[in-house]
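Data block for run_7.pdb (PDB, C-alpha atoms):
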ATOM      1  CA  MET A   1     140.238 113.588  78.801
ATOM      2  CA  GLU A   2     142.861 115.948  77.397
ATOM      3  CA  ALA A   3     140.159 118.142  75.828
ATOM      4  CA  ALA A   4     138.317 118.315  79.176
ATOM      5  CA  ALA A   5     141.518 119.121  81.085
ATOM      6  CA  GLY A   6     142.727 121.607  78.494
ATOM      7  CA  GLU A   7     146.214 120.093  78.397
ATOM      8  CA  ASN A   8     148.082 117.015  77.208
ATOM      9  CA  GLY A   9     148.377 114.074  79.572
ATOM     10  CA  PHE A  10     151.445 111.967  80.291
ATOM     11  CA  MET A  11     150.342 109.346  77.718
ATOM     12  CA  HIS A  12     149.821 111.843  74.891
ATOM     13  CA  VAL A  13     152.925 110.803  72.942
ATOM     14  CA  LEU A  14     152.080 107.087  73.191
ATOM     15  CA  VAL A  15     148.462 107.682  72.159
ATOM     16  CA  MET A  16     149.537 109.755  69.153
ATOM     17  CA  PHE A  17     152.138 107.131  68.189
ATOM     18  CA  ALA A  18     149.474 104.385  68.231
ATOM     19  CA  LYS A  19     146.696 106.416  66.582
ATOM     20  CA  PRO A  20     147.474 105.468  62.946
ATOM     21  CA  PHE A  21     147.436 101.721  63.575
ATOM     22  CA  ARG A  22     145.515 100.870  66.742
ATOM     23  CA  MET A  23     142.014 100.490  65.242
ATOM     24  CA  PRO A  24     143.151  99.079  61.873
ATOM     25  CA  ASP A  25     145.217  96.493  63.792
ATOM     26  CA  PHE A  26     142.300  95.671  66.079
ATOM     27  CA  PHE A  27     140.104  94.829  63.104
ATOM     28  CA  LEU A  28     142.892  93.083  61.187
ATOM     29  CA  ILE A  29     143.556  90.831  64.189
ATOM     30  CA  SER A  30     139.817  90.181  64.539
ATOM     31  CA  GLY A  31     139.777  88.986  60.929
ATOM     32  CA  LEU A  32     142.788  86.694  61.326
ATOM     33  CA  PHE A  33     140.815  84.053  63.196
ATOM     34  CA  LEU A  34     137.700  84.013  61.026
ATOM     35  CA  GLY A  35     138.970  81.589  58.354
ATOM     36  CA  TRP A  36     138.158  78.347  60.139
ATOM     37  CA  SER A  37     135.049  79.622  61.897
ATOM     38  CA  SER A  38     133.408  81.089  58.775
ATOM     39  CA  ALA A  39     133.062  77.551  57.398
ATOM     40  CA  VAL A  40     130.815  76.312  60.226
ATOM     41  CA  ASP A  41     127.025  76.252  59.964
ATOM     42  CA  TRP A  42     125.082  79.472  60.478
ATOM     43  CA  ARG A  43     123.658  78.499  63.866
ATOM     44  CA  THR A  44     127.078  77.811  65.377
ATOM     45  CA  TYR A  45     128.583  80.857  63.683
ATOM     46  CA  LEU A  46     125.859  83.215  64.931
ATOM     47  CA  ASP A  47     126.198  81.798  68.432
ATOM     48  CA  ARG A  48     129.980  82.208  68.530
ATOM     49  CA  LYS A  49     130.481  85.365  66.492
ATOM     50  CA  VAL A  50     127.300  87.416  66.717
ATOM     51  CA  VAL A  51     125.409  86.633  69.922
ATOM     52  CA  HIS A  52     128.632  86.748  71.941
ATOM     53  CA  PHE A  53     129.521  90.306  70.854
ATOM     54  CA  ALA A  54     125.918  91.528  70.786
ATOM     55  CA  TYR A  55     125.577  90.394  74.405
ATOM     56  CA  PHE A  56     128.857  92.121  75.278
ATOM     57  CA  TYR A  57     127.651  95.356  73.658
ATOM     58  CA  VAL A  58     124.258  95.258  75.441
ATOM     59  CA  LEU A  59     125.963  94.567  78.757
ATOM     60  CA  TRP A  60     128.452  97.436  78.471
ATOM     61  CA  VAL A  61     126.016  99.969  77.057
ATOM     62  CA  THR A  62     123.675  99.169  79.958
ATOM     63  CA  ILE A  63     126.479  99.538  82.511
ATOM     64  CA  GLN A  64     127.572 102.854  81.005
ATOM     65  CA  PHE A  65     124.011 104.165  80.945
ATOM     66  CA  GLY A  66     123.586 103.064  84.540
ATOM     67  CA  PHE A  67     126.417 105.366  85.553
ATOM     68  CA  LYS A  68     125.577 108.235  83.202
ATOM     69  CA  ALA A  69     121.768 108.172  83.456
ATOM     70  CA  PRO A  70     121.473 110.468  86.505
ATOM     71  CA  ALA A  71     123.522 113.201  84.813
ATOM     72  CA  PHE A  72     121.577 112.809  81.536
ATOM     73  CA  ALA A  73     118.284 112.899  83.450
ATOM     74  CA  ALA A  74     119.278 116.004  85.432
ATOM     75  CA  GLU A  75     120.023 117.828  82.192
ATOM     76  CA  HIS A  76     117.289 116.529  79.854
ATOM     77  CA  GLY A  77     114.875 114.368  81.864
ATOM     78  CA  TRP A  78     114.326 110.617  82.183
ATOM     79  CA  ALA A  79     112.452 110.348  78.890
ATOM     80  CA  HIS A  80     115.629 111.535  77.164
ATOM     81  CA  VAL A  81     117.631 108.835  78.987
ATOM     82  CA  GLY A  82     115.263 106.149  77.696
ATOM     83  CA  HIS A  83     115.403 107.585  74.189
ATOM     84  CA  GLU A  84     119.224 107.687  74.189
ATOM     85  CA  TYR A  85     119.426 104.134  75.543
ATOM     86  CA  LEU A  86     117.175 102.814  72.768
ATOM     87  CA  LEU A  87     119.033 104.902  70.192
ATOM     88  CA  SER A  88     122.302 103.235  71.258
ATOM     89  CA  PHE A  89     121.090 100.083  69.485
ATOM     90  CA  ILE A  90     120.998 102.021  66.189
ATOM     91  CA  GLU A  91     123.737 104.593  66.785
ATOM     92  CA  PRO A  92     126.566 103.000  68.842
ATOM     93  CA  PHE A  93     127.091 104.624  72.211
ATOM     94  CA  GLY A  94     130.392 106.445  72.706
ATOM     95  CA  THR A  95     133.507 104.342  72.494
ATOM     96  CA  LEU A  96     131.586 101.064  72.155
ATOM     97  CA  TRP A  97     131.218 101.445  68.380
ATOM     98  CA  PHE A  98     133.905  98.854  67.610
ATOM     99  CA  ILE A  99     132.111  96.176  69.656
ATOM    100  CA  TYR A 100     128.854  97.116  67.899
ATOM    101  CA  LEU A 101     130.491  96.646  64.484
ATOM    102  CA  LEU A 102     132.222  93.311  65.071
ATOM    103  CA  PRO A 103     129.102  91.121  64.721
ATOM    104  CA  ILE A 104     128.056  93.123  61.642
ATOM    105  CA  PHE A 105     131.442  92.493  60.044
ATOM    106  CA  PHE A 106     131.280  88.817  60.965
ATOM    107  CA  VAL A 107     127.889  88.427  59.265
ATOM    108  CA  VAL A 108     129.067  90.291  56.144
ATOM    109  CA  ILE A 109     132.146  88.075  55.857
ATOM    110  CA  LYS A 110     130.047  84.923  56.272
ATOM    111  CA  LEU A 111     127.509  86.134  53.675
ATOM    112  CA  THR A 112     130.226  86.963  51.137
ATOM    113  CA  ARG A 113     132.296  83.836  51.769
ATOM    114  CA  ARG A 114     131.503  82.294  48.379
ATOM    115  CA  MET A 115     131.944  85.521  46.430
ATOM    116  CA  PRO A 116     135.236  86.404  44.695
ATOM    117  CA  THR A 117     137.548  87.616  47.463
ATOM    118  CA  ILE A 118     139.282  90.140  45.219
ATOM    119  CA  LEU A 119     135.886  91.754  44.524
ATOM    120  CA  ILE A 120     134.981  92.062  48.218
ATOM    121  CA  TRP A 121     138.464  93.275  49.116
ATOM    122  CA  GLY A 122     138.370  95.828  46.288
ATOM    123  CA  ILE A 123     134.965  97.146  47.376
ATOM    124  CA  ALA A 124     136.197  97.352  50.986
ATOM    125  CA  ALA A 125     139.286  99.303  49.876
ATOM    126  CA  LEU A 126     137.129 101.692  47.829
ATOM    127  CA  LEU A 127     134.809 102.264  50.801
ATOM    128  CA  GLU A 128     137.798 103.101  53.029
ATOM    129  CA  SER A 129     139.248 105.423  50.379
ATOM    130  CA  ALA A 130     135.913 107.209  49.934
ATOM    131  CA  HIS A 131     136.001 108.594  53.510
ATOM    132  CA  VAL A 132     132.246 108.099  53.873
ATOM    133  CA  ALA A 133     130.758 110.650  56.288
ATOM    134  CA  THR A 134     127.015 110.197  56.712
ATOM    135  CA  GLY A 135     127.012 111.258  60.366
ATOM    136  CA  TRP A 136     125.970 107.737  61.424
ATOM    137  CA  THR A 137     128.821 106.051  63.296
ATOM    138  CA  ALA A 138     127.905 102.491  62.292
ATOM    139  CA  ILE A 139     127.810 103.336  58.581
ATOM    140  CA  ASP A 140     130.891 105.564  58.579
ATOM    141  CA  GLU A 141     133.052 103.193  60.628
ATOM    142  CA  PHE A 142     131.810 100.167  58.677
ATOM    143  CA  CYS A 143     133.015 101.793  55.456
ATOM    144  CA  ALA A 144     136.302 102.875  57.038
ATOM    145  CA  ARG A 145     137.151  99.558  58.740
ATOM    146  CA  LEU A 146     135.802  96.749  56.514
ATOM    147  CA  VAL A 147     139.045  96.592  54.502
ATOM    148  CA  TYR A 148     141.062  95.882  57.650
ATOM    149  CA  ILE A 149     138.985  93.032  59.051
ATOM    150  CA  TYR A 150     138.578  91.556  55.571
ATOM    151  CA  SER A 151     142.350  91.820  54.993
ATOM    152  CA  GLY A 152     142.929  89.891  58.219
ATOM    153  CA  TYR A 153     140.465  87.248  57.051
ATOM    154  CA  LEU A 154     141.881  87.107  53.517
ATOM    155  CA  PHE A 155     145.597  87.163  54.348
ATOM    156  CA  ALA A 156     145.588  85.174  57.605
ATOM    157  CA  ASP A 157     147.810  82.411  56.209
ATOM    158  CA  TYR A 158     150.437  84.951  55.140
ATOM    159  CA  VAL A 159     150.301  86.790  58.463
ATOM    160  CA  PHE A 160     150.728  83.557  60.439
ATOM    161  CA  ALA A 161     153.606  82.523  58.130
ATOM    162  CA  LEU A 162     155.248  85.905  58.758
ATOM    163  CA  SER A 163     154.774  85.370  62.489
ATOM    164  CA  ASP A 164     156.504  81.981  62.232
ATOM    165  CA  ARG A 165     159.425  83.561  60.345
ATOM    166  CA  ALA A 166     159.690  86.321  62.954
ATOM    167  CA  ARG A 167     159.916  83.719  65.728
ATOM    168  CA  ALA A 168     162.590  81.871  63.758
ATOM    169  CA  HIS A 169     164.627  85.079  63.249
ATOM    170  CA  PRO A 170     164.004  87.270  66.322
ATOM    171  CA  ALA A 171     166.923  89.665  65.762
ATOM    172  CA  LEU A 172     165.804  90.433  62.216
ATOM    173  CA  ALA A 173     162.169  90.785  63.365
ATOM    174  CA  LEU A 174     163.127  93.202  66.159
ATOM    175  CA  THR A 175     165.264  95.243  63.742
ATOM    176  CA  GLY A 176     162.329  95.483  61.321
ATOM    177  CA  LEU A 177     160.011  96.455  64.164
ATOM    178  CA  ALA A 178     162.432  99.163  65.346
ATOM    179  CA  ILE A 179     162.683 100.597  61.809
ATOM    180  CA  TRP A 180     158.894 100.607  61.512
ATOM    181  CA  ALA A 181     158.568 102.335  64.930
ATOM    182  CA  ILE A 182     160.997 105.078  63.863
ATOM    183  CA  VAL A 183     159.205 105.631  60.539
ATOM    184  CA  ASN A 184     155.759 105.595  62.200
ATOM    185  CA  GLY A 185     156.898 107.982  64.933
ATOM    186  CA  GLY A 186     158.421 110.325  62.358
ATOM    187  CA  LEU A 187     155.267 110.396  60.245
ATOM    188  CA  VAL A 188     153.184 111.080  63.351
ATOM    189  CA  ALA A 189     155.533 113.900  64.414
ATOM    190  CA  LEU A 190     155.327 115.453  60.929
ATOM    191  CA  GLY A 191     151.519 115.252  60.966
ATOM    192  CA  VAL A 192     151.419 112.969  57.918
ATOM    193  CA  SER A 193     149.381 110.378  59.816
ATOM    194  CA  ASP A 194     146.520 112.892  60.215
ATOM    195  CA  LEU A 195     146.163 113.498  56.469
ATOM    196  CA  ARG A 196     143.020 112.071  54.896
TER     197      ARG A 196
END
Just give me the structure as structure tokens.
Amino acid sequence: MEAAAGENGFMHVLVMFAKPFRMPDFFLISGLFLGWSSAVDWRTYLDRKVVHFAYFYVLWVTIQFGFKAPAFAAEHGWAHVGHEYLLSFIEPFGTLWFIYLLPIFFVVIKLTRRMPTILIWGIAALLESAHVATGWTAIDEFCARLVYIYSGYLFADYVFALSDRARAHPALALTGLAIWAIVNGGLVALGVSDLR
């Protein structure tokens, strides 16, 4: 929106503050609750973790295309609209890429459940560090985000234990959070958070 308007909006500072952690946290939180569910049978798992998000993606991509189709058709024709709609099931449409990737991550975690966790976590960290840029959103974001969802899955017990300690010591937790917010804000202001 800011690029279209040619100026920063009133939420610019908040958006920039959250940029370094918002998507990593989204995937980390998604991984936190996979531990118990990854042990269920494949049919139940696919129903709860794959079909649910695949349905959500299809629904929202269809709604978005419904609104954007007339403009696309006016510029490129209705055949182009159909092509772009079908392509959205290979190349995620716009901002829906994270919903597209969730079921893929869930299947990968289920498939690798019996493999050494340190191996999978190491590969995920290497993929993130490699800054893969194929031009395909699903591949690039998969490589960039796998380490976060797998970390949530792998370290869920520690995260929940930390949450319990934070509830037991709210003043200390809020002090730690304030220190983190100052450090994060400073790194964002200095441009460090944009370094790759």
- Task: Determine, counting all atoms listed in the file, which protein, DNA and RNA residues have an atom within 8 Å of an atom of Ala54 in chain A; residues of the same chain fewer than 2 positions away are not included. Present the result as a PyMOL selection string.
- Result: chain A and resi 50-52+56-58+99-100+103
Any chance you can output those residues with C-alpha atoms as a CSV table (one decimal), in the frame of the given file?
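Result saved to result35.csv:
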chain,number,residue,atom,x,y,z
A,50,VAL,CA,127.3,87.4,66.7
A,51,VAL,CA,125.4,86.6,69.9
A,52,HIS,CA,128.6,86.7,71.9
A,56,PHE,CA,128.9,92.1,75.3
A,57,TYR,CA,127.7,95.4,73.7
A,58,VAL,CA,124.3,95.3,75.4
A,99,ILE,CA,132.1,96.2,69.7
A,100,TYR,CA,128.9,97.1,67.9
A,103,PRO,CA,129.1,91.1,64.7
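Of the residues listed (A:Trp78, A:Phe10, A:Tyr148, A:Tyr45), A:Tyr148 shows the shortest atom-to-atom separation from Leu127 in chain A; distances use only C-alpha atoms.
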Counting only C-alpha atoms, what are the residues of range 28-66 of chain A within 10 Å of range 157-170 of chain A, and for each of them which pair of atoms is the nearest and at what distance in Å, to one decimal? Sort the table by chain and rising number, as a Markdown table.
| residue | atom | partner | partner_atom | distance |
| --- | --- | --- | --- | --- |
| A:Ile29 | CA | A:Val159 | CA | 9.7 |
| A:Leu32 | CA | A:Val159 | CA | 8.0 |
| A:Gly35 | CA | A:Asp157 | CA | 9.1 |
- Task: Do a neighbour search on range 104-117 of chain A at 12 Å with only C-alpha atoms, toss out local chain neighbours closer than 3 positions, and write the hits as a ChimeraX atom specification.
- Result: /A:27-28,30-54,97-101,120-124,138-139,141-155
- Query: Quick one: which residues end up in the PyMOL selection byres ((chain A and resi 81) around 12) for this structure, as a list of chain:residue names?
  - Reply: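 Written out, the selection comes to A:Thr62, A:Gln64, A:Phe65, A:Gly66, A:Phe67, A:Lys68, A:Ala69, A:Pro70, A:Ala71, A:Phe72, A:Ala73, A:Ala74, A:Glu75, A:His76, A:Gly77, A:Trp78, A:Ala79, A:His80, A:Gly82, A:His83, A:Glu84, A:Tyr85, A:Leu86, A:Leu87, A:Ser88.
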- Give as a list in words the residues that the PyMOL selection byres ((chain A and resi 16) around 12) matches when applied to the coordinates above. Asn8, Gly9, Phe10, Met11, His12, Val13, Leu14, Val15, Phe17, Ala18, Lys19, Pro20, Phe21, Arg22, Asn184, Gly185, Gly186, Leu187, Val188, Ala189, Leu190, Gly191, Val192, Ser193 and Asp194 of chain A
Return range 111-141 of chain A, completed with N, CA and C atoms, as a compact mmCIF listing (two decimals), keeping the file's coordinate frame.
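Saved result, part-v8.txt, follows:
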# COMPACT_ATOMS: atom_id res chain seq x y z
N LEU A 111 128.40 86.03 54.84
CA LEU A 111 127.51 86.13 53.68
C LEU A 111 128.27 86.20 52.36
N THR A 112 129.46 86.78 52.38
CA THR A 112 130.23 86.96 51.14
C THR A 112 131.29 85.89 50.95
N ARG A 113 131.25 84.86 51.77
CA ARG A 113 132.30 83.84 51.77
C ARG A 113 132.48 83.17 50.42
N ARG A 114 131.41 82.99 49.67
CA ARG A 114 131.50 82.29 48.38
C ARG A 114 131.67 83.25 47.20
N MET A 115 131.75 84.53 47.49
CA MET A 115 131.94 85.52 46.43
C MET A 115 133.44 85.68 46.15
N PRO A 116 133.81 86.21 44.99
CA PRO A 116 135.24 86.40 44.70
C PRO A 116 135.88 87.34 45.72
N THR A 117 136.92 86.84 46.38
CA THR A 117 137.55 87.62 47.46
C THR A 117 138.14 88.92 46.95
N ILE A 118 138.68 88.91 45.75
CA ILE A 118 139.28 90.14 45.22
C ILE A 118 138.21 91.22 45.02
N LEU A 119 136.99 90.81 44.68
CA LEU A 119 135.89 91.75 44.52
C LEU A 119 135.52 92.39 45.87
N ILE A 120 135.36 91.56 46.88
CA ILE A 120 134.98 92.06 48.22
C ILE A 120 136.09 92.95 48.77
N TRP A 121 137.33 92.50 48.61
CA TRP A 121 138.46 93.28 49.12
C TRP A 121 138.57 94.61 48.38
N GLY A 122 138.34 94.59 47.08
CA GLY A 122 138.37 95.83 46.29
C GLY A 122 137.28 96.81 46.71
N ILE A 123 136.07 96.29 46.92
CA ILE A 123 134.96 97.15 47.38
C ILE A 123 135.29 97.73 48.76
N ALA A 124 135.83 96.89 49.64
CA ALA A 124 136.20 97.35 50.99
C ALA A 124 137.25 98.45 50.91
N ALA A 125 138.24 98.28 50.03
CA ALA A 125 139.29 99.30 49.88
C ALA A 125 138.71 100.60 49.32
N LEU A 126 137.78 100.49 48.38
CA LEU A 126 137.13 101.69 47.83
C LEU A 126 136.31 102.41 48.89
N LEU A 127 135.60 101.66 49.73
CA LEU A 127 134.81 102.26 50.80
C LEU A 127 135.72 103.02 51.78
N GLU A 128 136.87 102.43 52.12
CA GLU A 128 137.80 103.10 53.03
C GLU A 128 138.36 104.37 52.39
N SER A 129 138.67 104.28 51.10
CA SER A 129 139.25 105.42 50.38
C SER A 129 138.25 106.55 50.17
N ALA A 130 136.96 106.21 50.18
CA ALA A 130 135.91 107.21 49.93
C ALA A 130 135.69 108.15 51.11
N HIS A 131 136.18 107.78 52.30
CA HIS A 131 136.00 108.59 53.51
C HIS A 131 134.52 108.95 53.70
N VAL A 132 133.69 107.93 53.72
CA VAL A 132 132.25 108.10 53.87
C VAL A 132 131.94 108.82 55.18
N ALA A 133 131.11 109.85 55.11
CA ALA A 133 130.76 110.65 56.29
C ALA A 133 129.28 110.97 56.25
N THR A 134 128.46 110.01 56.69
CA THR A 134 127.02 110.20 56.71
C THR A 134 126.55 110.84 58.01
N GLY A 135 127.41 110.80 59.04
CA GLY A 135 127.01 111.26 60.37
C GLY A 135 126.53 110.11 61.24
N TRP A 136 126.36 108.93 60.66
CA TRP A 136 125.97 107.74 61.42
C TRP A 136 127.23 106.92 61.68
N THR A 137 127.58 106.72 62.93
CA THR A 137 128.82 106.05 63.30
C THR A 137 128.92 104.66 62.70
N ALA A 138 127.85 103.87 62.79
CA ALA A 138 127.90 102.49 62.29
C ALA A 138 128.21 102.45 60.80
N ILE A 139 127.59 103.32 60.03
CA ILE A 139 127.81 103.34 58.58
C ILE A 139 129.21 103.84 58.27
N ASP A 140 129.59 104.95 58.87
CA ASP A 140 130.89 105.56 58.58
C ASP A 140 132.05 104.65 58.98
N GLU A 141 131.97 104.06 60.17
CA GLU A 141 133.05 103.19 60.63
C GLU A 141 133.04 101.86 59.89
